[in-house]
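Trainee: Below you will find the structure I want to go over with you.
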Amino acid sequence: MMKNKRTNTPSGSRRSFLTWLIVAAAGLIGISLAVPLAGYVASPALKRRELRWVDAGPMDDLPVGEPTQRDLVMTITDGYMEVAAVKGIWALRLATNEVTVYSPICTHLGCGYRWDAGEKEFKCPCHGSVFDLNGKVVGGPAPRSLDRLPVKIENGHLLVQYKEFKSGTKQQIEI
Amino acid sequence: MLSRLYAWLDSRLKLEPVKETLLDEPIPGGASWIYVFGSATLFLFFLQAITGMFLAVYYAPTPDHAYDSIRYIETQVLFGPFVRGLHHWGASAMVVAIGLHMLQVFLYGAYKPPRELMWMVGVLLLLLTMGFAFTGYLLPWDQNAYWATQVGINMVGSVPFVGTFLVKVMRGGDTLGALTLSRFFAVHILFLPAAIMMLIALHMFILRRVGPAGPWSKERAAQRREAFYPRQVFMDAVVMLGVFLVVVLLALLVPFPLADKVNPSDHNFIPVPEWYFLFYYQFLKYMEGPVLGPIATWVLPGAFIALLLALPFLDPHHEREPASRPLVIGVGTVFLVGVFVLIGLSVRDLQAMKRTDPAVVSGRALYERFGCMGCHRIHGEGGAVGPDLSYVGDQRDRDWLIKHFRDPQSTSPGSIMPKFPLNEQELNDLTAYMLSLKKRV
């Protein structure tokens, strides 16, 4: 067909040069789209979680030496939504009036554990991990002590920064 | 490396004949810059498809979240305004590209036999693009989106016998709301893309079966013969890059802000359609009343589409040179001049229209944010503890208001109004809003 007729179609080095220009134009468009679009999709992953101090109630009625569960009522920013969330944390008032706050999530695989007042131990119902008053592992598969949360006391109120950590690792890794 | 990969694939998939079919298509008269608009349209369609997919990553098609999710894209997402800008300006560019493509085909008489089907599929593609524009406009769920869609849907209601039913189907019920938004979203991202991809494929298929039309003069067509690749592809690529750069610049330099969130009770809002609907918007203003109204809202649009579809059969002579087709070219020119005159008139009217000062809009938002209506009343809305502010702009001047907001006690001793923590910008905005509350605007 075409090949038999007189044709003005460029050939040889001129053809290769045009091919090179076409590929360059397509590549330029492709790269200028790919970079912003990749950033666009990855955007939420690049953001750091905002840490706020949340009121965990008054210090007065926190018993000394007995872990007490307190609710943290927080406003969590979930994308374009603001959602109220309640997290229960374990607060332990020491004789020195300092307070230790444990994350309510078992370091083994992320279940919620309980305080056994009779045996004076934290027990996880899922796989039987046991922690003592100081959060140390005394039994079961948990790889590390209970996670402690940043805490401060202001105007007689306990303020806590809620964080989450990776479960199942020996090292404490914040997520 | 690449050539070895190609050879490996070719030995298995026998690519060479495919490559020849795709690239060696002969163009009568040779490659030309006048043939680039179809490719530019196709490129813009792909750009819309890609940016649309990425917008859907964050968009939520419910009245509760649609507006907030777009505001999230605009304010929180990396490159969010850029991606949304590309989609917005890409739509406008696509309309321009389609307009130029149709104009070229019309001028060159390329719709004539044997290319009638290609033209008719093209007209359907134009209608689908309009469908994209109409359904996409509602998705941001801002005031402009809501009221413009309200107008668009109401026009369908003027169709006799089935109008009311059609309106209900489009809205998904009696009011424009959650069901409307989700069906517009589904149509915009699922139904229309499926339909347009099939018709684009058909359009290209017909093009490959009948071949490009080439120049209108037979002598010129016979003079040169050139394959589609590489010169026409090169021209297409240059134009695509140029179009892309223009859309990128518009997305970066001309922001496309959201209007206020939908407020169905605000009947004072005047929606303005996209520029490519302005000629029709202006035309509707002249066509009022029980007879002219329906003519403008459905009789003429219907007749126009029918005319476009039937054009190859109304003008079937094989002569393609514009000079030999005075009637068709004349009608086309009159139509085009009419469209541009209407766009010009509409732009003039819009510029003359009183626009709400952005400071007043921000001031009103502050008024709501600080809960001023807890104590004050404007046109019957709000508490009666403090003074009624319905016409405060007639009663107080700027200096008094600013002083008052800084320290209410300084201008109104004994006032129980608290000092609000306003910065200079907010102070000015709130004052601008107060001054706009007058008996006569």
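Chain labels A, B, ... are given in the sequence in which chains occur in the structure tokens; within each chain residues are numbered consecutively from 1, and ligands are likewise numbered from 1 in the order shown.
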Which of stretch 204-240 of chain B counts as alpha helix (DSSP H) under DSSP, as a PyMOL selection string please?

Mentor: chain B and resi 204-210+218-223+231-240

Trainee: Take the selection from the previous step and output its residues with N, CA and C atoms, as a JSON list (two decimals), in the first residue's frame.

Mentor:
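Okay, again_4.json is ready:
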```json
[["chain", "number", "residue", "atom", "x", "y", "z"],
["B", 204, "MET", "N", -12.72, 6.28, 16.98],
["B", 204, "MET", "CA", -11.39, 5.95, 16.45],
["B", 204, "MET", "C", -11.49, 4.81, 15.43],
["B", 205, "PHE", "N", -12.37, 3.86, 15.76],
["B", 205, "PHE", "CA", -12.53, 2.72, 14.85],
["B", 205, "PHE", "C", -13.01, 3.21, 13.48],
["B", 206, "ILE", "N", -14.01, 4.10, 13.50],
["B", 206, "ILE", "CA", -14.52, 4.61, 12.23],
["B", 206, "ILE", "C", -13.43, 5.40, 11.50],
["B", 207, "LEU", "N", -12.66, 6.18, 12.28],
["B", 207, "LEU", "CA", -11.57, 6.96, 11.67],
["B", 207, "LEU", "C", -10.61, 6.03, 10.94],
["B", 208, "ARG", "N", -10.25, 4.89, 11.58],
["B", 208, "ARG", "CA", -9.32, 3.98, 10.94],
["B", 208, "ARG", "C", -9.94, 3.26, 9.74],
["B", 209, "ARG", "N", -11.25, 3.06, 9.77],
["B", 209, "ARG", "CA", -11.89, 2.37, 8.64],
["B", 209, "ARG", "C", -12.03, 3.29, 7.43],
["B", 210, "VAL", "N", -12.42, 4.58, 7.67],
["B", 210, "VAL", "CA", -12.63, 5.46, 6.52],
["B", 210, "VAL", "C", -11.42, 6.35, 6.24],
["B", 218, "LYS", "N", -9.16, 18.42, -3.73],
["B", 218, "LYS", "CA", -8.71, 17.09, -4.14],
["B", 218, "LYS", "C", -7.28, 17.14, -4.68],
["B", 219, "GLU", "N", -6.94, 18.27, -5.36],
["B", 219, "GLU", "CA", -5.59, 18.39, -5.92],
["B", 219, "GLU", "C", -4.56, 18.37, -4.81],
["B", 220, "ARG", "N", -4.83, 19.16, -3.74],
["B", 220, "ARG", "CA", -3.88, 19.24, -2.63],
["B", 220, "ARG", "C", -3.76, 17.89, -1.93],
["B", 221, "ALA", "N", -4.91, 17.22, -1.81],
["B", 221, "ALA", "CA", -4.89, 15.92, -1.16],
["B", 221, "ALA", "C", -4.02, 14.94, -1.94],
["B", 222, "ALA", "N", -4.04, 15.07, -3.26],
["B", 222, "ALA", "CA", -3.30, 14.13, -4.09],
["B", 222, "ALA", "C", -1.81, 14.47, -4.16],
["B", 223, "GLN", "N", -1.49, 15.74, -3.89],
["B", 223, "GLN", "CA", -0.09, 16.19, -4.01],
["B", 223, "GLN", "C", 0.87, 15.44, -3.10],
["B", 231, "ARG", "N", 5.57, 12.64, 11.71],
["B", 231, "ARG", "CA", 5.36, 14.10, 11.79],
["B", 231, "ARG", "C", 4.04, 14.49, 12.44],
["B", 232, "GLN", "N", 2.93, 13.77, 12.11],
["B", 232, "GLN", "CA", 1.65, 14.14, 12.73],
["B", 232, "GLN", "C", 1.67, 13.84, 14.23],
["B", 233, "VAL", "N", 2.28, 12.71, 14.58],
["B", 233, "VAL", "CA", 2.38, 12.38, 16.01],
["B", 233, "VAL", "C", 3.21, 13.44, 16.73],
["B", 234, "PHE", "N", 4.28, 13.89, 16.08],
["B", 234, "PHE", "CA", 5.11, 14.94, 16.67],
["B", 234, "PHE", "C", 4.30, 16.22, 16.89],
["B", 235, "MET", "N", 3.53, 16.61, 15.87],
["B", 235, "MET", "CA", 2.70, 17.83, 16.00],
["B", 235, "MET", "C", 1.69, 17.65, 17.14],
["B", 236, "ASP", "N", 1.06, 16.47, 17.18],
["B", 236, "ASP", "CA", 0.10, 16.19, 18.26],
["B", 236, "ASP", "C", 0.78, 16.29, 19.62],
["B", 237, "ALA", "N", 2.01, 15.73, 19.71],
["B", 237, "ALA", "CA", 2.72, 15.72, 20.99],
["B", 237, "ALA", "C", 3.07, 17.14, 21.43],
["B", 238, "VAL", "N", 3.50, 17.97, 20.46],
["B", 238, "VAL", "CA", 3.84, 19.36, 20.79],
["B", 238, "VAL", "C", 2.60, 20.08, 21.32],
["B", 239, "VAL", "N", 1.46, 19.87, 20.65],
["B", 239, "VAL", "CA", 0.23, 20.55, 21.07],
["B", 239, "VAL", "C", -0.22, 20.03, 22.44],
["B", 240, "MET", "N", -0.11, 18.72, 22.64],
["B", 240, "MET", "CA", -0.48, 18.15, 23.95],
["B", 240, "MET", "C", 0.37, 18.78, 25.05]]
```

Trainee: Quick one: pick out all strand (DSSP E) residues within stretch 310-433 of chain B from a backbone DSSP run and write them as a list in words.

Mentor: Arg377, Ile378, Glu381 and Gly382 of chain B

Trainee: Could you name the residues that touch A:Pro125 at 8 Å or less, counting only C-alpha atoms, but leaving out those on the same chain fewer than 6 positions away, as a VMD selection string?

Mentor: chain A and resid 111 to 114

Trainee: Output C-alpha atoms of each residue in that selection to a file, as a PDB file, in the first residue's frame.

Mentor:
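Generated file (part36.pdb):
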```pdb
ATOM      1  CA  CYS A 111      -5.795  -6.600  73.406  1.00  0.00           C
ATOM      2  CA  GLY A 112      -7.163  -4.605  76.316  1.00  0.00           C
ATOM      3  CA  TYR A 113      -5.877  -5.909  79.701  1.00  0.00           C
ATOM      4  CA  ARG A 114      -7.432  -5.710  83.224  1.00  0.00           C
TER       5      ARG A 114
END
```

Trainee: Quick check: residues of chain A within 12 Å of chain B, only C-alpha atoms, returned as a PyMOL selection string.

Mentor: chain A and resi 1-30+32-47+77-82

Trainee: I'd like to know which of A:Leu146, A:Ile153, A:Met59, A:Leu159 is closest to A:Gln171, using only C-alpha atoms.

Mentor: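 Of all the options, A:Leu146 lies closest to A:Gln171.
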
Trainee: Find the residue from A:Gly168, A:Gly57, A:Gly118, A:Pro143 that sits nearest to A:Gly88; use only C-alpha atoms when measuring.

Mentor: A:Gly57

Trainee: Could you please determine the separation between atom CA of A:Ala56 and atom CA of A:Arg144 in Å, to one decimal place?

Mentor: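 Here the two named atoms are 25.1 Å from each other.
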
Trainee: Please report the interatomic distance between atom CA of B:Arg325 and atom CA of B:Trp216 in Å with one decimal.

Mentor: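 Separation of atom CA of B:Arg325 and atom CA of B:Trp216: 11.6 Å.
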
Trainee: For B:His318, which residue among B:Arg171, B:Ala213, B:Ser436, B:Leu202 is the nearest when counting only C-alpha atoms?

Mentor: B:Ala213
